[in-house]
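Here's target-v1.txt, which has compact mmCIF, N, CA and C atoms:
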```
# COMPACT_ATOMS: atom_id res chain seq x y z
N MET A 755 133.84 -106.92 48.36
CA MET A 755 133.17 -106.26 49.47
C MET A 755 134.16 -105.33 50.16
N PHE A 756 133.75 -104.08 50.33
CA PHE A 756 134.55 -103.10 51.06
C PHE A 756 133.94 -102.96 52.45
N ILE A 757 134.76 -103.10 53.47
CA ILE A 757 134.33 -102.95 54.85
C ILE A 757 134.99 -101.69 55.39
N SER A 758 134.18 -100.66 55.64
CA SER A 758 134.68 -99.36 56.05
C SER A 758 134.41 -99.15 57.53
N ILE A 759 135.46 -99.03 58.30
CA ILE A 759 135.37 -98.82 59.74
C ILE A 759 135.36 -97.32 59.99
N HIS A 760 134.23 -96.84 60.49
CA HIS A 760 134.07 -95.40 60.71
C HIS A 760 134.53 -95.06 62.12
N ILE A 761 135.72 -94.53 62.23
CA ILE A 761 136.23 -94.01 63.49
C ILE A 761 135.61 -92.61 63.64
N PRO A 762 134.93 -92.34 64.75
CA PRO A 762 134.26 -91.05 64.88
C PRO A 762 135.22 -89.86 64.65
N LYS A 763 134.68 -88.84 63.97
CA LYS A 763 135.38 -87.58 63.70
C LYS A 763 136.57 -87.75 62.76
N THR A 764 136.45 -88.67 61.79
CA THR A 764 137.53 -88.87 60.81
C THR A 764 136.99 -88.89 59.38
N ALA A 765 135.97 -88.13 59.10
CA ALA A 765 135.36 -88.00 57.77
C ALA A 765 134.55 -89.23 57.36
N GLY A 766 134.17 -90.06 58.29
CA GLY A 766 133.41 -91.27 57.99
C GLY A 766 132.04 -91.00 57.40
N THR A 767 131.37 -89.96 57.86
CA THR A 767 130.06 -89.64 57.33
C THR A 767 130.16 -89.19 55.88
N ALA A 768 131.16 -88.37 55.58
CA ALA A 768 131.37 -87.94 54.20
C ALA A 768 131.67 -89.14 53.30
N LEU A 769 132.51 -90.04 53.78
CA LEU A 769 132.81 -91.25 53.01
C LEU A 769 131.56 -92.09 52.80
N ALA A 770 130.73 -92.20 53.83
CA ALA A 770 129.50 -92.98 53.70
C ALA A 770 128.62 -92.43 52.58
N TYR A 771 128.50 -91.12 52.50
CA TYR A 771 127.70 -90.52 51.43
C TYR A 771 128.30 -90.86 50.06
N ILE A 772 129.60 -90.78 49.95
CA ILE A 772 130.27 -91.12 48.68
C ILE A 772 130.02 -92.58 48.32
N PHE A 773 130.21 -93.47 49.28
CA PHE A 773 129.98 -94.90 49.04
C PHE A 773 128.51 -95.16 48.69
N ASP A 774 127.62 -94.52 49.44
CA ASP A 774 126.19 -94.73 49.26
C ASP A 774 125.75 -94.34 47.85
N TYR A 775 126.00 -93.10 47.49
CA TYR A 775 125.54 -92.61 46.20
C TYR A 775 126.41 -93.09 45.05
N GLY A 776 127.68 -93.33 45.30
CA GLY A 776 128.57 -93.82 44.26
C GLY A 776 128.30 -95.27 43.87
N SER A 777 127.70 -96.02 44.78
CA SER A 777 127.43 -97.44 44.51
C SER A 777 125.96 -97.68 44.18
N GLY A 778 125.18 -96.65 44.05
CA GLY A 778 123.76 -96.83 43.78
C GLY A 778 123.01 -97.38 44.98
N ARG A 779 123.41 -96.92 46.17
CA ARG A 779 122.77 -97.28 47.45
C ARG A 779 123.04 -98.73 47.85
N ARG A 780 124.15 -99.29 47.39
CA ARG A 780 124.49 -100.68 47.74
C ARG A 780 125.41 -100.69 48.97
N ILE A 781 124.93 -100.10 50.05
CA ILE A 781 125.71 -99.99 51.27
C ILE A 781 124.89 -100.50 52.45
N LEU A 782 125.51 -101.30 53.27
CA LEU A 782 124.90 -101.80 54.50
C LEU A 782 125.46 -100.99 55.65
N TYR A 783 124.61 -100.17 56.26
CA TYR A 783 125.05 -99.36 57.39
C TYR A 783 124.99 -100.22 58.66
N ASP A 784 126.07 -100.22 59.41
CA ASP A 784 126.15 -101.02 60.64
C ASP A 784 126.46 -100.08 61.80
N TYR A 785 125.41 -99.45 62.32
CA TYR A 785 125.53 -98.49 63.42
C TYR A 785 124.57 -98.87 64.53
N SER A 786 124.92 -98.46 65.74
CA SER A 786 124.01 -98.54 66.87
C SER A 786 124.37 -97.40 67.82
N ASP A 787 123.36 -96.73 68.37
CA ASP A 787 123.60 -95.59 69.25
C ASP A 787 124.48 -95.95 70.45
N ASP A 788 124.33 -97.16 70.94
CA ASP A 788 125.09 -97.56 72.13
C ASP A 788 126.33 -98.41 71.78
N TYR A 789 126.67 -98.50 70.51
CA TYR A 789 127.83 -99.26 70.02
C TYR A 789 127.73 -100.75 70.34
N SER A 790 126.52 -101.25 70.57
CA SER A 790 126.35 -102.68 70.84
C SER A 790 126.64 -103.52 69.61
N ASN A 791 126.74 -102.89 68.46
CA ASN A 791 127.04 -103.58 67.21
C ASN A 791 128.53 -103.72 66.95
N ALA A 792 129.38 -103.26 67.84
CA ALA A 792 130.82 -103.16 67.57
C ALA A 792 131.50 -104.52 67.39
N THR A 793 130.92 -105.56 67.94
CA THR A 793 131.50 -106.90 67.81
C THR A 793 130.49 -107.84 67.16
N MET A 794 130.98 -108.96 66.68
CA MET A 794 130.13 -109.96 66.03
C MET A 794 129.24 -110.62 67.06
N ASP A 795 127.95 -110.64 66.80
CA ASP A 795 127.03 -111.25 67.74
C ASP A 795 126.74 -112.71 67.41
N ASP A 796 126.77 -113.09 66.13
CA ASP A 796 126.43 -114.45 65.75
C ASP A 796 127.09 -114.78 64.41
N LEU A 797 128.32 -115.26 64.47
CA LEU A 797 129.08 -115.54 63.25
C LEU A 797 128.36 -116.56 62.37
N ALA A 798 127.73 -117.54 62.97
CA ALA A 798 127.03 -118.57 62.18
C ALA A 798 125.92 -117.94 61.33
N TRP A 799 125.15 -117.00 61.92
CA TRP A 799 124.08 -116.33 61.18
C TRP A 799 124.66 -115.53 60.02
N TRP A 800 125.70 -114.74 60.30
CA TRP A 800 126.33 -113.93 59.26
C TRP A 800 126.93 -114.80 58.16
N THR A 801 127.54 -115.90 58.52
CA THR A 801 128.13 -116.82 57.54
C THR A 801 127.04 -117.39 56.64
N ALA A 802 125.92 -117.77 57.23
CA ALA A 802 124.81 -118.32 56.44
C ALA A 802 124.24 -117.29 55.47
N HIS A 803 124.29 -116.01 55.84
CA HIS A 803 123.71 -114.96 55.01
C HIS A 803 124.75 -114.19 54.18
N LYS A 804 125.98 -114.63 54.23
CA LYS A 804 127.05 -113.94 53.49
C LYS A 804 126.75 -113.86 51.99
N PRO A 805 126.29 -114.93 51.33
CA PRO A 805 126.00 -114.80 49.90
C PRO A 805 124.97 -113.71 49.58
N PHE A 806 123.94 -113.61 50.40
CA PHE A 806 122.94 -112.55 50.20
C PHE A 806 123.58 -111.17 50.38
N ILE A 807 124.36 -111.00 51.43
CA ILE A 807 125.01 -109.72 51.71
C ILE A 807 125.90 -109.32 50.53
N GLU A 808 126.65 -110.27 50.01
CA GLU A 808 127.56 -109.97 48.89
C GLU A 808 126.79 -109.64 47.61
N ARG A 809 125.62 -110.23 47.42
CA ARG A 809 124.80 -109.92 46.23
C ARG A 809 124.16 -108.53 46.33
N GLN A 810 123.76 -108.14 47.52
CA GLN A 810 122.99 -106.92 47.70
C GLN A 810 123.84 -105.68 47.97
N PHE A 811 125.04 -105.88 48.51
CA PHE A 811 125.83 -104.74 48.97
C PHE A 811 127.26 -104.78 48.44
N ASP A 812 127.81 -103.59 48.23
CA ASP A 812 129.22 -103.45 47.87
C ASP A 812 130.04 -102.95 49.06
N PHE A 813 129.35 -102.33 50.03
CA PHE A 813 130.02 -101.73 51.19
C PHE A 813 129.29 -102.11 52.47
N ILE A 814 130.07 -102.29 53.53
CA ILE A 814 129.56 -102.30 54.90
C ILE A 814 130.28 -101.15 55.58
N HIS A 815 129.52 -100.30 56.24
CA HIS A 815 130.10 -99.09 56.82
C HIS A 815 129.47 -98.83 58.18
N GLY A 816 130.30 -98.56 59.18
CA GLY A 816 129.74 -98.23 60.48
C GLY A 816 130.78 -98.19 61.58
N HIS A 817 130.28 -98.00 62.80
CA HIS A 817 131.13 -97.99 63.99
C HIS A 817 131.23 -99.42 64.52
N PHE A 818 132.31 -100.09 64.21
CA PHE A 818 132.53 -101.44 64.69
C PHE A 818 134.02 -101.72 64.70
N PHE A 819 134.40 -102.77 65.38
CA PHE A 819 135.80 -103.18 65.43
C PHE A 819 136.17 -103.99 64.20
N TYR A 820 137.41 -103.91 63.79
CA TYR A 820 137.91 -104.68 62.65
C TYR A 820 137.57 -106.16 62.80
N ARG A 821 137.76 -106.69 63.98
CA ARG A 821 137.59 -108.13 64.17
C ARG A 821 136.15 -108.60 63.95
N LYS A 822 135.20 -107.67 63.92
CA LYS A 822 133.82 -108.07 63.70
C LYS A 822 133.66 -108.80 62.37
N TYR A 823 134.24 -108.25 61.30
CA TYR A 823 134.10 -108.84 59.98
C TYR A 823 135.37 -109.51 59.48
N ALA A 824 136.42 -109.50 60.27
CA ALA A 824 137.72 -110.03 59.83
C ALA A 824 137.64 -111.49 59.41
N GLU A 825 136.98 -112.30 60.19
CA GLU A 825 136.89 -113.73 59.85
C GLU A 825 135.91 -113.96 58.70
N LEU A 826 134.82 -113.25 58.70
CA LEU A 826 133.79 -113.44 57.68
C LEU A 826 134.29 -113.07 56.29
N PHE A 827 135.08 -112.00 56.20
CA PHE A 827 135.56 -111.53 54.90
C PHE A 827 137.08 -111.60 54.79
N ALA A 828 137.69 -112.55 55.46
CA ALA A 828 139.16 -112.67 55.47
C ALA A 828 139.74 -112.82 54.07
N ALA A 829 139.12 -113.61 53.23
CA ALA A 829 139.69 -113.90 51.91
C ALA A 829 139.32 -112.87 50.86
N ASP A 830 138.16 -112.26 50.98
CA ASP A 830 137.67 -111.44 49.88
C ASP A 830 137.23 -110.03 50.27
N GLY A 831 137.53 -109.62 51.47
CA GLY A 831 137.15 -108.28 51.91
C GLY A 831 138.29 -107.29 51.82
N VAL A 832 137.95 -106.05 51.53
CA VAL A 832 138.92 -104.96 51.55
C VAL A 832 138.51 -104.05 52.70
N PHE A 833 139.38 -103.97 53.70
CA PHE A 833 139.08 -103.17 54.89
C PHE A 833 139.72 -101.80 54.76
N LEU A 834 138.98 -100.77 55.18
CA LEU A 834 139.53 -99.43 55.12
C LEU A 834 139.00 -98.59 56.28
N ALA A 835 139.79 -97.60 56.63
CA ALA A 835 139.42 -96.64 57.67
C ALA A 835 140.20 -95.36 57.42
N CYS A 836 139.60 -94.24 57.76
CA CYS A 836 140.29 -92.96 57.68
C CYS A 836 140.87 -92.64 59.06
N LEU A 837 142.04 -92.08 59.04
CA LEU A 837 142.69 -91.65 60.28
C LEU A 837 142.84 -90.14 60.24
N ARG A 838 143.01 -89.58 61.41
CA ARG A 838 143.14 -88.13 61.53
C ARG A 838 144.16 -87.85 62.62
N HIS A 839 144.81 -86.71 62.54
CA HIS A 839 145.77 -86.34 63.58
C HIS A 839 145.05 -86.43 64.92
N PRO A 840 145.63 -87.11 65.90
CA PRO A 840 144.92 -87.37 67.16
C PRO A 840 144.49 -86.10 67.92
N VAL A 841 145.30 -85.06 67.89
CA VAL A 841 144.93 -83.85 68.61
C VAL A 841 143.73 -83.18 67.92
N GLU A 842 143.77 -83.08 66.60
CA GLU A 842 142.64 -82.50 65.87
C GLU A 842 141.38 -83.32 66.07
N ARG A 843 141.53 -84.65 66.11
CA ARG A 843 140.38 -85.53 66.28
C ARG A 843 139.73 -85.33 67.65
N ILE A 844 140.53 -85.25 68.71
CA ILE A 844 139.97 -85.11 70.05
C ILE A 844 139.31 -83.74 70.23
N ILE A 845 139.90 -82.70 69.63
CA ILE A 845 139.28 -81.37 69.70
C ILE A 845 137.94 -81.39 68.95
N SER A 846 137.91 -82.03 67.81
CA SER A 846 136.67 -82.15 67.05
C SER A 846 135.61 -82.91 67.84
N GLN A 847 136.01 -84.00 68.48
CA GLN A 847 135.06 -84.78 69.28
C GLN A 847 134.54 -83.96 70.47
N PHE A 848 135.44 -83.25 71.14
CA PHE A 848 135.05 -82.39 72.25
C PHE A 848 134.02 -81.36 71.79
N ASN A 849 134.30 -80.67 70.66
CA ASN A 849 133.38 -79.67 70.13
C ASN A 849 132.05 -80.30 69.74
N HIS A 850 132.11 -81.49 69.16
CA HIS A 850 130.88 -82.19 68.78
C HIS A 850 130.00 -82.45 69.99
N VAL A 851 130.59 -82.95 71.05
CA VAL A 851 129.84 -83.23 72.28
C VAL A 851 129.29 -81.93 72.86
N TYR A 852 130.13 -80.92 72.92
CA TYR A 852 129.74 -79.65 73.53
C TYR A 852 128.60 -78.97 72.76
N PHE A 853 128.74 -78.86 71.46
CA PHE A 853 127.76 -78.12 70.67
C PHE A 853 126.50 -78.94 70.37
N GLU A 854 126.60 -80.25 70.45
CA GLU A 854 125.39 -81.07 70.31
C GLU A 854 124.47 -80.85 71.51
N ALA A 855 125.08 -80.60 72.67
CA ALA A 855 124.37 -80.25 73.90
C ALA A 855 123.28 -81.25 74.27
N ASN A 856 123.63 -82.52 74.22
CA ASN A 856 122.70 -83.58 74.59
C ASN A 856 122.71 -83.72 76.12
N PRO A 857 121.64 -83.34 76.80
CA PRO A 857 121.64 -83.38 78.27
C PRO A 857 121.74 -84.79 78.84
N HIS A 858 121.53 -85.80 78.02
CA HIS A 858 121.63 -87.19 78.48
C HIS A 858 123.02 -87.78 78.29
N ASP A 859 123.89 -87.06 77.63
CA ASP A 859 125.26 -87.52 77.38
C ASP A 859 126.14 -87.18 78.59
N TRP A 860 126.72 -88.21 79.19
CA TRP A 860 127.54 -87.99 80.40
C TRP A 860 128.74 -87.11 80.11
N GLN A 861 129.27 -87.17 78.88
CA GLN A 861 130.41 -86.32 78.54
C GLN A 861 129.98 -84.85 78.50
N TYR A 862 128.82 -84.60 77.92
CA TYR A 862 128.31 -83.23 77.88
C TYR A 862 128.05 -82.72 79.29
N GLN A 863 127.48 -83.57 80.12
CA GLN A 863 127.22 -83.17 81.51
C GLN A 863 128.51 -82.81 82.23
N ALA A 864 129.57 -83.59 81.97
CA ALA A 864 130.86 -83.30 82.61
C ALA A 864 131.46 -81.99 82.11
N ILE A 865 131.29 -81.69 80.84
CA ILE A 865 131.78 -80.42 80.29
C ILE A 865 130.97 -79.26 80.87
N ARG A 866 129.66 -79.40 80.85
CA ARG A 866 128.77 -78.33 81.30
C ARG A 866 128.83 -78.12 82.82
N ASP A 867 128.69 -79.20 83.56
CA ASP A 867 128.55 -79.08 85.02
C ASP A 867 129.87 -79.08 85.78
N ASP A 868 130.82 -79.84 85.28
CA ASP A 868 132.08 -80.01 86.01
C ASP A 868 133.24 -79.22 85.42
N GLY A 869 132.98 -78.52 84.30
CA GLY A 869 134.04 -77.73 83.68
C GLY A 869 135.13 -78.57 83.04
N LEU A 870 134.77 -79.75 82.55
CA LEU A 870 135.73 -80.64 81.89
C LEU A 870 136.36 -79.91 80.71
N THR A 871 137.68 -79.80 80.69
CA THR A 871 138.38 -79.12 79.60
C THR A 871 138.71 -80.12 78.51
N VAL A 872 139.14 -79.60 77.37
CA VAL A 872 139.52 -80.48 76.27
C VAL A 872 140.70 -81.37 76.65
N VAL A 873 141.60 -80.86 77.48
CA VAL A 873 142.73 -81.67 77.95
C VAL A 873 142.24 -82.80 78.83
N ASP A 874 141.33 -82.50 79.76
CA ASP A 874 140.76 -83.54 80.61
C ASP A 874 139.96 -84.54 79.76
N PHE A 875 139.26 -84.02 78.79
CA PHE A 875 138.45 -84.86 77.88
C PHE A 875 139.34 -85.87 77.15
N ALA A 876 140.50 -85.40 76.72
CA ALA A 876 141.44 -86.27 76.01
C ALA A 876 141.89 -87.41 76.90
```
Could you take the file, read its structure, and then write that structure out as structure tokens?
Amino acid sequence: MFISIHIPKTAGTALAYIFDYGSGRRILYDYSDDYSNATMDDLAWWTAHKPFIERQFDFIHGHFFYRKYAELFAADGVFLACLRHPVERIISQFNHVYFEANPHDWQYQAIRDDGLTVVDFA
């Protein structure tokens, strides 16, 4: 089982496509808009269903903390994440927020209304 931690703005979406199509769609996406999935909610449930997960999937990929799956796949999991130069990453994130122009995003509101610069954003 490969557990891929998608750090935003570090090519995680591209990797997900590669994992998805390269494995014949044997990927479990673990995302939530509000990042409520970032930590383990019920280890007992996941432990009980681990054999099914391992039969059905080759990858788990999403926005979550390492410790979420660390105990569950300690012996047989391969953890991976892509990293990016921190300055390039923060500029990319700033541009993503700005050009997405989501009026409900507090970061976008701060950029638009308060003149938040990329330095302040960082």
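Residues in contact with Ile757 (chain A) at up to 6 Å, not including ones fewer than 6 positions away on its chain and judged by all atoms listed in the file, are Phe813, Ile814, His815, Gly831, Val832, Phe833 and Leu834 of chain A.
Within 7 Å of Phe811 (chain A), once only N, CA and C atoms are used and residues closer than 2 positions along the same chain are dropped, the contacting residues are Met755, Phe756, Arg779, Arg780, Ile781, Leu782, Phe806, Ile807, Glu808, Arg809, Phe813 and Ile814 of chain A.
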Q: Counting only C-alpha atoms, figure out which residue out of A:Leu870, A:Ala876, A:Met794, A:Ala835 gets nearest to Ala770 (chain A).
A: A:Ala835
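For His760 (chain A), the non-local neighbours within 10 Å, defined as residues at least 2 positions apart in the same chain or in other chains and counting only C-alpha atoms, are Ile757, Ser758, Pro762, Lys763, Thr764, Ala765, Gly766, Thr767, Leu769, Ala770, Asp784, Tyr785, His815, Gly816, His817, Phe818, Phe819, Leu834, Ala835, Cys836 and Leu837 of chain A.
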Would you write out those residues with N, CA and C atoms, as a JSON list (two decimals), in the frame of the given file?
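File written: selection_7.json
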```json
[["chain", "number", "residue", "atom", "x", "y", "z"],
["A", 757, "ILE", "N", 134.76, -103.10, 53.47],
["A", 757, "ILE", "CA", 134.33, -102.95, 54.85],
["A", 757, "ILE", "C", 134.99, -101.69, 55.39],
["A", 758, "SER", "N", 134.18, -100.66, 55.64],
["A", 758, "SER", "CA", 134.68, -99.36, 56.05],
["A", 758, "SER", "C", 134.41, -99.15, 57.53],
["A", 762, "PRO", "N", 134.93, -92.34, 64.75],
["A", 762, "PRO", "CA", 134.26, -91.05, 64.88],
["A", 762, "PRO", "C", 135.22, -89.86, 64.65],
["A", 763, "LYS", "N", 134.68, -88.84, 63.97],
["A", 763, "LYS", "CA", 135.38, -87.58, 63.70],
["A", 763, "LYS", "C", 136.57, -87.75, 62.76],
["A", 764, "THR", "N", 136.45, -88.67, 61.79],
["A", 764, "THR", "CA", 137.53, -88.87, 60.81],
["A", 764, "THR", "C", 136.99, -88.89, 59.38],
["A", 765, "ALA", "N", 135.97, -88.13, 59.10],
["A", 765, "ALA", "CA", 135.36, -88.00, 57.77],
["A", 765, "ALA", "C", 134.55, -89.23, 57.36],
["A", 766, "GLY", "N", 134.17, -90.06, 58.29],
["A", 766, "GLY", "CA", 133.41, -91.27, 57.99],
["A", 766, "GLY", "C", 132.04, -91.00, 57.40],
["A", 767, "THR", "N", 131.37, -89.96, 57.86],
["A", 767, "THR", "CA", 130.06, -89.64, 57.33],
["A", 767, "THR", "C", 130.16, -89.19, 55.88],
["A", 769, "LEU", "N", 132.51, -90.04, 53.78],
["A", 769, "LEU", "CA", 132.81, -91.25, 53.01],
["A", 769, "LEU", "C", 131.56, -92.09, 52.80],
["A", 770, "ALA", "N", 130.73, -92.20, 53.83],
["A", 770, "ALA", "CA", 129.50, -92.98, 53.70],
["A", 770, "ALA", "C", 128.62, -92.43, 52.58],
["A", 784, "ASP", "N", 126.07, -100.22, 59.41],
["A", 784, "ASP", "CA", 126.15, -101.02, 60.64],
["A", 784, "ASP", "C", 126.46, -100.08, 61.80],
["A", 785, "TYR", "N", 125.41, -99.45, 62.32],
["A", 785, "TYR", "CA", 125.53, -98.49, 63.42],
["A", 785, "TYR", "C", 124.57, -98.87, 64.53],
["A", 815, "HIS", "N", 129.52, -100.30, 56.24],
["A", 815, "HIS", "CA", 130.10, -99.09, 56.82],
["A", 815, "HIS", "C", 129.47, -98.83, 58.18],
["A", 816, "GLY", "N", 130.30, -98.56, 59.18],
["A", 816, "GLY", "CA", 129.74, -98.23, 60.48],
["A", 816, "GLY", "C", 130.78, -98.19, 61.58],
["A", 817, "HIS", "N", 130.28, -98.00, 62.80],
["A", 817, "HIS", "CA", 131.13, -97.99, 63.99],
["A", 817, "HIS", "C", 131.23, -99.42, 64.52],
["A", 818, "PHE", "N", 132.31, -100.09, 64.21],
["A", 818, "PHE", "CA", 132.53, -101.44, 64.69],
["A", 818, "PHE", "C", 134.02, -101.72, 64.70],
["A", 819, "PHE", "N", 134.40, -102.77, 65.38],
["A", 819, "PHE", "CA", 135.80, -103.18, 65.43],
["A", 819, "PHE", "C", 136.17, -103.99, 64.20],
["A", 834, "LEU", "N", 138.98, -100.77, 55.18],
["A", 834, "LEU", "CA", 139.53, -99.43, 55.12],
["A", 834, "LEU", "C", 139.00, -98.59, 56.28],
["A", 835, "ALA", "N", 139.79, -97.60, 56.63],
["A", 835, "ALA", "CA", 139.42, -96.64, 57.67],
["A", 835, "ALA", "C", 140.20, -95.36, 57.42],
["A", 836, "CYS", "N", 139.60, -94.24, 57.76],
["A", 836, "CYS", "CA", 140.29, -92.96, 57.68],
["A", 836, "CYS", "C", 140.87, -92.64, 59.06],
["A", 837, "LEU", "N", 142.04, -92.08, 59.04],
["A", 837, "LEU", "CA", 142.69, -91.65, 60.28],
["A", 837, "LEU", "C", 142.84, -90.14, 60.24]]
```
(Q) Can you pull out every residue from region 772-801 of chain A that DSSP, working from the backbone, puts in strand (DSSP E or B), and format the result as a ChimeraX atom specification? (A) /A:781-784
So that I can look at just that part, could you write region 767-779 of chain A with N, CA, C and O atoms, as a PDB file, in the first residue's frame?
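Generated file (decode-v6.pdb):
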```
ATOM      1  N   THR A 767      -1.781  16.720  -7.516  1.00  0.00           N
ATOM      2  CA  THR A 767      -2.857  16.379  -8.433  1.00  0.00           C
ATOM      3  C   THR A 767      -2.315  15.603  -9.626  1.00  0.00           C
ATOM      4  O   THR A 767      -2.908  14.609 -10.056  1.00  0.00           O
ATOM      5  N   ALA A 768      -1.173  16.023 -10.146  1.00  0.00           N
ATOM      6  CA  ALA A 768      -0.552  15.296 -11.252  1.00  0.00           C
ATOM      7  C   ALA A 768      -0.183  13.878 -10.821  1.00  0.00           C
ATOM      8  O   ALA A 768      -0.408  12.913 -11.555  1.00  0.00           O
ATOM      9  N   LEU A 769       0.371  13.748  -9.631  1.00  0.00           N
ATOM     10  CA  LEU A 769       0.698  12.413  -9.118  1.00  0.00           C
ATOM     11  C   LEU A 769      -0.547  11.559  -8.959  1.00  0.00           C
ATOM     12  O   LEU A 769      -0.539  10.367  -9.260  1.00  0.00           O
ATOM     13  N   ALA A 770      -1.627  12.164  -8.485  1.00  0.00           N
ATOM     14  CA  ALA A 770      -2.874  11.415  -8.307  1.00  0.00           C
ATOM     15  C   ALA A 770      -3.347  10.834  -9.638  1.00  0.00           C
ATOM     16  O   ALA A 770      -3.786   9.679  -9.693  1.00  0.00           O
ATOM     17  N   TYR A 771      -3.267  11.621 -10.701  1.00  0.00           N
ATOM     18  CA  TYR A 771      -3.661  11.116 -12.018  1.00  0.00           C
ATOM     19  C   TYR A 771      -2.777   9.940 -12.439  1.00  0.00           C
ATOM     20  O   TYR A 771      -3.269   8.943 -12.974  1.00  0.00           O
ATOM     21  N   ILE A 772      -1.493  10.060 -12.204  1.00  0.00           N
ATOM     22  CA  ILE A 772      -0.567   8.972 -12.546  1.00  0.00           C
ATOM     23  C   ILE A 772      -0.900   7.721 -11.745  1.00  0.00           C
ATOM     24  O   ILE A 772      -0.978   6.616 -12.287  1.00  0.00           O
ATOM     25  N   PHE A 773      -1.093   7.871 -10.441  1.00  0.00           N
ATOM     26  CA  PHE A 773      -1.440   6.727  -9.589  1.00  0.00           C
ATOM     27  C   PHE A 773      -2.780   6.129 -10.011  1.00  0.00           C
ATOM     28  O   PHE A 773      -2.934   4.912 -10.100  1.00  0.00           O
ATOM     29  N   ASP A 774      -3.746   6.999 -10.266  1.00  0.00           N
ATOM     30  CA  ASP A 774      -5.096   6.563 -10.612  1.00  0.00           C
ATOM     31  C   ASP A 774      -5.092   5.718 -11.881  1.00  0.00           C
ATOM     32  O   ASP A 774      -5.530   4.566 -11.881  1.00  0.00           O
ATOM     33  N   TYR A 775      -4.589   6.292 -12.953  1.00  0.00           N
ATOM     34  CA  TYR A 775      -4.627   5.593 -14.230  1.00  0.00           C
ATOM     35  C   TYR A 775      -3.556   4.514 -14.340  1.00  0.00           C
ATOM     36  O   TYR A 775      -3.766   3.505 -15.007  1.00  0.00           O
ATOM     37  N   GLY A 776      -2.440   4.697 -13.663  1.00  0.00           N
ATOM     38  CA  GLY A 776      -1.380   3.698 -13.691  1.00  0.00           C
ATOM     39  C   GLY A 776      -1.725   2.431 -12.922  1.00  0.00           C
ATOM     40  O   GLY A 776      -1.193   1.359 -13.198  1.00  0.00           O
ATOM     41  N   SER A 777      -2.639   2.550 -11.965  1.00  0.00           N
ATOM     42  CA  SER A 777      -3.015   1.387 -11.152  1.00  0.00           C
ATOM     43  C   SER A 777      -4.364   0.813 -11.564  1.00  0.00           C
ATOM     44  O   SER A 777      -4.896  -0.060 -10.875  1.00  0.00           O
ATOM     45  N   GLY A 778      -4.932   1.299 -12.632  1.00  0.00           N
ATOM     46  CA  GLY A 778      -6.243   0.811 -13.044  1.00  0.00           C
ATOM     47  C   GLY A 778      -7.349   1.266 -12.101  1.00  0.00           C
ATOM     48  O   GLY A 778      -8.256   0.512 -11.798  1.00  0.00           O
ATOM     49  N   ARG A 779      -7.220   2.501 -11.609  1.00  0.00           N
ATOM     50  CA  ARG A 779      -8.214   3.144 -10.741  1.00  0.00           C
ATOM     51  C   ARG A 779      -8.261   2.532  -9.342  1.00  0.00           C
ATOM     52  O   ARG A 779      -9.256   2.619  -8.651  1.00  0.00           O
TER      53      ARG A 779
END
```
